[in-house]
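One file, upload.txt, carrying compact mmCIF, C-alpha atoms:
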```
# COMPACT_ATOMS: atom_id res chain seq x y z
CA MET A 1 6.60 31.96 1.43
CA ALA A 2 3.77 29.51 1.02
CA ASP A 3 6.32 27.04 -0.30
CA THR A 4 8.20 27.20 3.02
CA TYR A 5 5.06 26.24 4.94
CA LEU A 6 4.38 23.42 2.49
CA GLN A 7 7.92 22.14 2.93
CA ILE A 8 7.56 22.19 6.74
CA ILE A 9 4.30 20.23 6.46
CA PHE A 10 5.88 17.83 3.96
CA TRP A 11 8.88 17.03 6.15
CA ALA A 12 6.69 16.63 9.24
CA PHE A 13 4.59 14.01 7.42
CA PHE A 14 7.73 12.50 5.88
CA VAL A 15 9.18 11.83 9.36
CA LEU A 16 5.81 10.52 10.59
CA MET A 17 5.45 8.14 7.66
CA ALA A 18 9.06 6.95 7.94
CA ILE A 19 8.73 6.17 11.65
CA ALA A 20 5.33 4.53 11.27
CA GLY A 21 6.50 2.54 8.23
CA VAL A 22 9.54 1.20 10.06
CA ARG A 23 7.33 0.27 13.02
CA VAL A 24 4.99 -1.65 10.67
CA VAL A 25 7.81 -4.01 9.70
CA THR A 26 9.57 -4.19 13.08
CA SER A 27 6.74 -4.20 15.63
CA ARG A 28 6.54 -7.34 17.73
CA ASN A 29 2.81 -6.98 18.24
CA VAL A 30 0.66 -7.76 15.19
CA ILE A 31 -2.17 -5.40 16.15
CA HIS A 32 0.32 -2.57 16.68
CA ALA A 33 1.79 -3.28 13.23
CA ALA A 34 -1.68 -2.95 11.66
CA LEU A 35 -2.35 0.30 13.55
CA TYR A 36 1.01 1.73 12.49
CA LEU A 37 -0.01 0.88 8.93
CA VAL A 38 -3.09 3.09 9.49
CA ALA A 39 -0.76 5.96 10.44
CA THR A 40 1.33 5.41 7.30
CA LEU A 41 -1.75 5.29 5.08
CA LEU A 42 -3.15 8.47 6.62
CA GLY A 43 0.23 10.11 6.03
CA ALA A 44 -0.01 9.07 2.37
CA ALA A 45 -3.53 10.53 2.23
CA SER A 46 -2.20 13.84 3.60
CA MET A 47 0.51 13.76 0.90
CA TYR A 48 -2.26 13.46 -1.70
CA VAL A 49 -4.04 16.45 -0.16
CA LEU A 50 -0.74 18.34 -0.31
CA LEU A 51 -0.51 17.43 -4.01
CA TYR A 52 -4.05 18.74 -4.72
CA ALA A 53 -5.40 15.23 -5.28
CA GLU A 54 -8.30 15.41 -2.83
CA PHE A 55 -10.37 12.72 -4.52
CA VAL A 56 -7.54 10.17 -4.38
CA ALA A 57 -6.95 11.17 -0.75
CA TRP A 58 -10.56 10.43 0.22
CA VAL A 59 -10.61 7.17 -1.72
CA GLN A 60 -7.42 6.27 0.15
CA VAL A 61 -9.03 6.98 3.52
CA LEU A 62 -12.26 5.16 2.66
CA VAL A 63 -10.82 2.08 0.94
CA TYR A 64 -7.53 1.60 2.76
CA VAL A 65 -8.17 2.81 6.29
CA GLY A 66 -11.84 1.92 6.20
CA ALA A 67 -11.77 -1.46 4.48
CA VAL A 68 -8.30 -2.91 3.95
CA VAL A 69 -7.01 -2.38 7.48
CA VAL A 70 -10.26 -3.71 8.97
CA LEU A 71 -9.86 -6.80 6.75
CA MET A 72 -6.27 -7.14 7.97
CA LEU A 73 -7.39 -6.95 11.60
CA PHE A 74 -10.03 -9.60 10.89
CA GLY A 75 -7.33 -11.74 9.29
CA LEU A 76 -5.11 -11.37 12.33
CA MET A 77 -7.95 -12.31 14.68
CA LEU A 78 -9.22 -15.24 12.60
CA THR A 79 -5.76 -16.78 12.43
CA ARG A 80 -5.52 -16.49 16.21
CA ALA A 81 -2.15 -14.85 16.08
CA PRO A 82 -0.54 -14.32 19.48
CA ILE A 83 -1.84 -10.85 20.29
CA GLY A 84 0.90 -10.09 22.78
CA SER A 85 4.48 -9.53 21.77
CA ALA A 86 6.15 -12.37 19.92
CA ASN A 87 8.93 -12.73 17.43
CA PHE A 88 7.56 -12.73 13.88
CA ASP A 89 10.86 -12.22 12.09
CA ASN A 90 12.88 -14.95 10.46
CA ASN A 91 16.64 -15.23 10.52
CA GLN A 92 17.19 -13.21 7.33
CA ARG A 93 16.77 -9.83 8.98
CA LEU A 94 20.31 -8.64 8.31
CA VAL A 95 20.23 -9.70 4.65
CA ALA A 96 16.78 -8.13 4.27
CA ALA A 97 17.97 -4.86 5.84
CA VAL A 98 21.01 -4.74 3.56
CA CYS A 99 18.83 -5.46 0.49
CA ALA A 100 16.30 -2.79 1.45
CA GLY A 101 19.01 -0.24 2.21
CA LEU A 102 20.77 -0.87 -1.10
CA LEU A 103 17.47 -0.67 -2.96
CA PHE A 104 16.64 2.64 -1.28
CA ALA A 105 20.09 4.07 -2.03
CA VAL A 106 20.02 3.05 -5.70
CA THR A 107 16.42 4.05 -6.45
CA SER A 108 16.59 7.39 -4.65
CA PHE A 109 19.95 8.20 -6.30
CA ILE A 110 18.55 7.43 -9.76
CA LEU A 111 15.26 9.26 -9.17
CA VAL A 112 16.93 12.37 -7.74
CA ARG A 113 19.39 12.43 -10.63
CA ALA A 114 16.67 11.91 -13.23
CA PHE A 115 14.23 14.51 -11.89
CA ASP A 116 16.70 17.07 -10.61
CA GLY A 117 15.33 20.58 -10.94
CA GLN A 118 11.77 19.52 -11.78
CA GLU A 119 9.45 21.49 -9.57
CA ILE A 120 5.82 21.05 -8.58
CA ASP A 121 4.25 24.48 -8.96
CA PHE A 122 1.72 24.86 -6.17
CA THR A 123 1.03 28.55 -6.77
CA SER A 124 -0.45 28.49 -10.25
CA THR A 125 -2.49 25.31 -10.05
CA GLU A 126 -6.04 25.06 -8.82
CA GLY A 127 -5.69 21.34 -8.41
CA THR A 128 -7.32 18.61 -10.44
CA LYS A 129 -11.07 18.80 -10.52
CA VAL A 130 -12.99 15.64 -9.71
CA GLN A 131 -14.91 16.35 -12.91
CA SER A 132 -11.82 15.87 -15.05
CA ILE A 133 -10.96 12.61 -13.25
CA GLY A 134 -14.47 11.35 -13.88
CA GLU A 135 -14.34 12.39 -17.54
CA ALA A 136 -10.99 10.61 -17.94
CA ILE A 137 -12.27 7.42 -16.25
CA PHE A 138 -15.47 7.24 -18.28
CA SER A 139 -14.02 8.23 -21.65
CA ILE A 140 -10.40 7.23 -22.32
CA TYR A 141 -10.03 4.75 -19.46
CA VAL A 142 -13.47 3.18 -19.58
CA LEU A 143 -12.10 -0.22 -20.66
CA PRO A 144 -9.56 -0.48 -17.77
CA PHE A 145 -12.33 0.71 -15.46
CA GLU A 146 -14.63 -2.12 -16.56
CA ILE A 147 -11.78 -4.62 -16.26
CA VAL A 148 -11.16 -3.43 -12.69
CA SER A 149 -14.84 -3.92 -11.88
CA VAL A 150 -14.78 -7.46 -13.26
CA LEU A 151 -11.55 -8.10 -11.33
CA LEU A 152 -13.18 -6.93 -8.09
CA LEU A 153 -16.18 -9.19 -8.74
CA ALA A 154 -13.88 -12.14 -9.47
CA ALA A 155 -11.86 -11.44 -6.31
CA LEU A 156 -15.08 -11.25 -4.27
CA VAL A 157 -16.39 -14.56 -5.59
CA GLY A 158 -12.93 -16.12 -5.32
CA ALA A 159 -12.51 -15.07 -1.70
CA VAL A 160 -15.90 -16.54 -0.80
CA VAL A 161 -15.17 -19.80 -2.64
CA ILE A 162 -11.70 -20.18 -1.13
CA SER A 163 -12.61 -19.46 2.47
CA ARG A 164 -15.92 -21.29 2.85
CA ARG A 165 -15.85 -24.62 4.57
CA ASP A 166 -16.40 -27.69 2.46
CA GLU A 167 -19.63 -29.16 3.76
CA GLY A 168 -19.58 -32.29 1.66
CA PRO A 169 -22.56 -33.48 -0.38
CA VAL A 170 -25.91 -32.46 1.05
CA GLU A 171 -28.07 -35.40 2.12
CA ASP A 172 -31.46 -34.99 0.56
CA MET B 173 8.74 22.17 -4.16
CA PRO B 174 11.05 19.72 -5.97
CA VAL B 175 9.27 16.60 -7.15
CA ALA B 176 12.32 14.61 -6.00
CA TYR B 177 11.19 14.93 -2.35
CA PHE B 178 8.09 12.87 -3.07
CA LEU B 179 10.10 10.36 -5.10
CA VAL B 180 12.52 9.87 -2.19
CA LEU B 181 9.56 9.37 0.15
CA SER B 182 8.10 6.70 -2.10
CA ALA B 183 11.50 5.01 -2.51
CA LEU B 184 11.80 4.91 1.28
CA LEU B 185 8.33 3.39 1.72
CA PHE B 186 9.02 0.83 -1.02
CA SER B 187 12.31 -0.22 0.62
CA ILE B 188 10.60 -0.57 3.99
CA GLY B 189 8.02 -2.79 2.30
CA VAL B 190 10.77 -4.92 0.71
CA TYR B 191 12.39 -5.34 4.13
CA GLY B 192 9.06 -6.42 5.60
CA VAL B 193 8.39 -8.97 2.85
CA LEU B 194 11.86 -10.47 3.26
CA ALA B 195 12.09 -10.47 7.05
CA ARG B 196 8.58 -11.24 8.30
CA GLN B 197 7.32 -14.73 9.04
CA HIS B 198 3.65 -14.08 9.71
CA ALA B 199 1.67 -14.18 6.43
CA VAL B 200 -0.65 -11.27 7.33
CA LEU B 201 2.34 -9.09 8.20
CA VAL B 202 3.81 -9.84 4.76
CA LEU B 203 0.51 -8.63 3.26
CA LEU B 204 0.84 -5.41 5.32
CA SER B 205 4.31 -4.87 3.82
CA VAL B 206 2.92 -5.39 0.31
CA GLU B 207 0.39 -2.65 1.06
CA LEU B 208 3.27 -0.32 1.94
CA MET B 209 4.89 -1.01 -1.45
CA LEU B 210 1.63 -0.36 -3.32
CA ASN B 211 1.26 2.95 -1.49
CA ALA B 212 4.78 3.94 -2.52
CA ALA B 213 3.78 3.42 -6.15
CA ASN B 214 0.65 5.50 -5.59
CA ILE B 215 2.60 8.42 -4.12
CA ASN B 216 4.81 8.35 -7.23
CA LEU B 217 1.79 8.42 -9.54
CA VAL B 218 0.12 11.31 -7.73
CA ALA B 219 3.38 13.30 -7.50
CA PHE B 220 3.93 13.04 -11.25
CA SER B 221 0.29 13.91 -11.80
CA ALA B 222 0.78 17.11 -9.77
CA MET B 223 4.00 17.89 -11.64
CA LEU B 224 2.25 17.68 -15.01
CA GLY B 225 -0.68 19.85 -13.95
CA GLU B 226 -3.75 19.55 -16.14
CA ALA B 227 -2.08 16.88 -18.31
CA GLY B 228 -1.52 14.70 -15.23
CA VAL B 229 -5.08 13.47 -14.71
CA PRO B 230 -4.20 9.90 -15.88
CA GLY B 231 -1.79 9.66 -12.93
CA GLN B 232 -4.65 10.04 -10.48
CA VAL B 233 -6.85 7.68 -12.50
CA PHE B 234 -4.17 5.01 -12.33
CA ALA B 235 -3.72 5.66 -8.59
CA LEU B 236 -7.43 4.86 -8.19
CA PHE B 237 -6.99 1.66 -10.23
CA VAL B 238 -4.05 0.65 -8.03
CA ILE B 239 -6.19 1.16 -4.92
CA ALA B 240 -8.95 -1.03 -6.38
CA VAL B 241 -6.52 -3.80 -7.35
CA ALA B 242 -4.92 -3.62 -3.89
CA ALA B 243 -8.35 -4.13 -2.30
CA ALA B 244 -8.93 -7.20 -4.48
CA GLU B 245 -5.48 -8.53 -3.62
CA VAL B 246 -6.08 -8.18 0.11
CA GLY B 247 -9.41 -9.99 -0.12
CA VAL B 248 -8.05 -13.01 -1.97
CA GLY B 249 -4.78 -13.01 0.02
CA LEU B 250 -6.55 -13.07 3.37
CA ALA B 251 -8.88 -15.83 2.17
CA ILE B 252 -5.83 -17.92 1.24
CA VAL B 253 -4.15 -17.17 4.60
CA ILE B 254 -7.27 -18.21 6.51
CA LEU B 255 -7.56 -21.42 4.48
CA ILE B 256 -3.90 -22.25 5.17
CA TYR B 257 -4.45 -21.57 8.87
CA ARG B 258 -7.46 -23.88 8.87
CA ASN B 259 -5.49 -26.68 7.23
CA ARG B 260 -2.14 -26.35 8.97
CA ARG B 261 -2.87 -24.44 12.23
CA SER B 262 -0.06 -22.06 11.36
CA VAL B 263 0.51 -19.00 9.18
CA ASP B 264 4.29 -19.17 9.31
CA ILE B 265 5.36 -18.69 5.69
CA ASP B 266 8.69 -20.42 6.33
CA GLU B 267 6.77 -23.64 6.99
CA MET B 268 4.79 -23.38 3.73
CA SER B 269 7.30 -25.35 1.71
CA LEU B 270 4.96 -28.03 0.34
CA MET B 271 5.16 -26.72 -3.23
CA LYS B 272 8.81 -25.82 -3.03
CA TRP B 273 10.99 -27.61 -5.52
```
Turn this file's structure into structure tokens for me.
Amino acid sequence: MADTYLQIIFWAFFVLMAIAGVRVVTSRNVIHAALYLVATLLGAASMYVLLYAEFVAWVQVLVYVGAVVVLMLFGLMLTRAPIGSANFDNNQRLVAAVCAGLLFAVTSFILVRAFDGQEIDFTSTEGTKVQSIGEAIFSIYVLPFEIVSVLLLAALVGAVVISRRDEGPVED
Amino acid sequence: MPVAYFLVLSALLFSIGVYGVLARQHAVLVLLSVELMLNAANINLVAFSAMLGEAGVPGQVFALFVIAVAAAEVGVGLAIVILIYRNRRSVDIDEMSLMKW
């Protein structure tokens, strides 16, 4: 019975994410595209909650919706994109649609065939504890974790170096 | 609930992202489409993590790593886009053919 409710919730968010995702790539207004991306990302976060991955869901909301989309909006404003409606698509739309449709057909066919009959059991699980994620990060995956921190630092410094104006030699 | 539902959802999001990367001209909108594709990968990771139960913790750990790398990618990508805008007064990626063979 609980599975029926979960399926109803899943399909509701599925439709929401599909519509919002299509609007991200077809919207003629750049700000609307970014805001539709927020809807898609929140839908993904609700999928994580549905899958008992609350920690990943909150990281998704904080990092993606809180930081990445704000950065995107800053990028759109700093490049002075036409805020009103304009055509941002090139002339390969038909080819791109055919490619994407074929890719979706092939990947979903293969995935459904490969994982046919595999069920996610929501009744017996308590969900993953944040404690076990933390233990995994700081024991087995401590080296990838440190590499990710160095990567973030390098990206931070790189972004500052790339985007600052060259002032020329300082007269002194 | 069959795990295939989540896999179909992520395949759909990934294909939408591929369409966006191929069909969009504005560089920031291409970055938005790349974010869609990264999220599709994340949904896959978390779905498999839930399928495996207690053995699936690495799936969530790698989802967190993907989120961190995506944040780094957006930072550097937007810096490059802003620099290109400053130099060329345009972010149309079809005009960025200077390094094209």
task: Provide as a PyMOL selection string the residues of chain A at most 6 Å from chain B, counting only C-alpha atoms.
output: chain A and resi 25+51+88-90+92-93+96-97+100+104+108+112+118-120+152+155+159+163
Padded axis-aligned box of region 137-154 of chain A (5 Å per side), centre and edge lengths, Å, one decimal, as JSON:
```
{"center_x": -12.9, "center_y": -2.0, "center_z": -15.2, "size_x": 16.6, "size_y": 30.4, "size_z": 24.2}
```
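Going from CA of Met17 (chain A) over to CA of Ala44 (chain A), you cover 7.7 Å.
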task: Please indicate the distance in Å from CA of Leu16 (chain A) to CA of Asn29 (chain A), rounded to one decimal place.
output: 19.3 Å
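The space separating CA of Ala18 (chain A) from CA of Leu42 (chain A) comes to 12.4 Å.
With distances taken over all atoms listed in the file, A:Leu50 is the one residue among A:Ala114, A:Val65, A:Met77, A:Leu50 lying closest to Gln7 (chain A).
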Since the input is missing atoms, can you rebuild N, CA and C atoms for region 249-273 of chain B and write them as an mmCIF file, keeping the file's coordinate frame?
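This went into part.cif:
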```cif
data_model
loop_
_atom_site.group_PDB
_atom_site.id
_atom_site.type_symbol
_atom_site.label_atom_id
_atom_site.label_comp_id
_atom_site.auth_asym_id
_atom_site.auth_seq_id
_atom_site.Cartn_x
_atom_site.Cartn_y
_atom_site.Cartn_z
ATOM 1 N N GLY B 249 -5.926 -12.608 -0.805
ATOM 2 C CA GLY B 249 -4.780 -13.010 0.020
ATOM 3 C C GLY B 249 -5.203 -13.451 1.398
ATOM 4 N N LEU B 250 -6.109 -12.693 2.030
ATOM 5 C CA LEU B 250 -6.550 -13.070 3.370
ATOM 6 C C LEU B 250 -7.352 -14.361 3.337
ATOM 7 N N ALA B 251 -8.145 -14.568 2.263
ATOM 8 C CA ALA B 251 -8.880 -15.830 2.170
ATOM 9 C C ALA B 251 -7.902 -17.008 2.117
ATOM 10 N N ILE B 252 -6.825 -16.855 1.332
ATOM 11 C CA ILE B 252 -5.830 -17.920 1.240
ATOM 12 C C ILE B 252 -5.157 -18.144 2.600
ATOM 13 N N VAL B 253 -4.814 -17.041 3.292
ATOM 14 C CA VAL B 253 -4.150 -17.170 4.600
ATOM 15 C C VAL B 253 -5.055 -17.898 5.582
ATOM 16 N N ILE B 254 -6.352 -17.569 5.571
ATOM 17 C CA ILE B 254 -7.270 -18.210 6.510
ATOM 18 C C ILE B 254 -7.428 -19.693 6.181
ATOM 19 N N LEU B 255 -7.462 -20.008 4.869
ATOM 20 C CA LEU B 255 -7.560 -21.420 4.480
ATOM 21 C C LEU B 255 -6.316 -22.190 4.925
ATOM 22 N N ILE B 256 -5.136 -21.576 4.746
ATOM 23 C CA ILE B 256 -3.900 -22.250 5.170
ATOM 24 C C ILE B 256 -3.911 -22.439 6.681
ATOM 25 N N TYR B 257 -4.386 -21.425 7.415
ATOM 26 C CA TYR B 257 -4.450 -21.570 8.870
ATOM 27 C C TYR B 257 -5.375 -22.708 9.258
ATOM 28 N N ARG B 258 -6.498 -22.828 8.524
ATOM 29 C CA ARG B 258 -7.460 -23.880 8.870
ATOM 30 C C ARG B 258 -6.874 -25.264 8.617
ATOM 31 N N ASN B 259 -6.051 -25.375 7.557
ATOM 32 C CA ASN B 259 -5.490 -26.680 7.230
ATOM 33 C C ASN B 259 -4.277 -27.029 8.066
ATOM 34 N N ARG B 260 -3.443 -26.035 8.385
ATOM 35 C CA ARG B 260 -2.140 -26.350 8.970
ATOM 36 C C ARG B 260 -1.963 -25.791 10.364
ATOM 37 N N ARG B 261 -2.951 -25.024 10.879
ATOM 38 C CA ARG B 261 -2.870 -24.440 12.230
ATOM 39 C C ARG B 261 -1.669 -23.519 12.372
ATOM 40 N N SER B 262 -1.221 -22.936 11.275
ATOM 41 C CA SER B 262 -0.060 -22.060 11.360
ATOM 42 C C SER B 262 -0.068 -21.133 10.146
ATOM 43 N N VAL B 263 0.375 -19.894 10.321
ATOM 44 C CA VAL B 263 0.510 -19.000 9.180
ATOM 45 C C VAL B 263 1.968 -18.610 8.983
ATOM 46 N N ASP B 264 2.873 -19.434 9.470
ATOM 47 C CA ASP B 264 4.290 -19.170 9.310
ATOM 48 C C ASP B 264 4.700 -19.476 7.865
ATOM 49 N N ILE B 265 5.100 -18.433 7.112
ATOM 50 C CA ILE B 265 5.360 -18.690 5.690
ATOM 51 C C ILE B 265 6.643 -19.470 5.484
ATOM 52 N N ASP B 266 7.501 -19.586 6.505
ATOM 53 C CA ASP B 266 8.690 -20.420 6.330
ATOM 54 C C ASP B 266 8.347 -21.900 6.357
ATOM 55 N N GLU B 267 7.184 -22.239 6.951
ATOM 56 C CA GLU B 267 6.770 -23.640 6.990
ATOM 57 C C GLU B 267 5.982 -24.040 5.747
ATOM 58 N N MET B 268 5.585 -23.053 4.922
ATOM 59 C CA MET B 268 4.790 -23.380 3.730
ATOM 60 C C MET B 268 5.719 -23.752 2.606
ATOM 61 N N SER B 269 6.323 -24.946 2.716
ATOM 62 C CA SER B 269 7.300 -25.350 1.710
ATOM 63 C C SER B 269 6.808 -26.560 0.931
ATOM 64 N N LEU B 270 5.493 -26.823 0.980
ATOM 65 C CA LEU B 270 4.960 -28.030 0.340
ATOM 66 C C LEU B 270 5.172 -28.006 -1.152
ATOM 67 N N MET B 271 5.038 -26.819 -1.790
ATOM 68 C CA MET B 271 5.160 -26.720 -3.230
ATOM 69 C C MET B 271 6.535 -26.257 -3.663
ATOM 70 N N LYS B 272 7.477 -26.269 -2.696
ATOM 71 C CA LYS B 272 8.810 -25.820 -3.030
ATOM 72 C C LYS B 272 9.568 -26.947 -3.714
ATOM 73 N N TRP B 273 10.259 -26.597 -4.763
ATOM 74 C CA TRP B 273 10.990 -27.610 -5.520
ATOM 75 C C TRP B 273 12.169 -28.131 -4.740
#
```
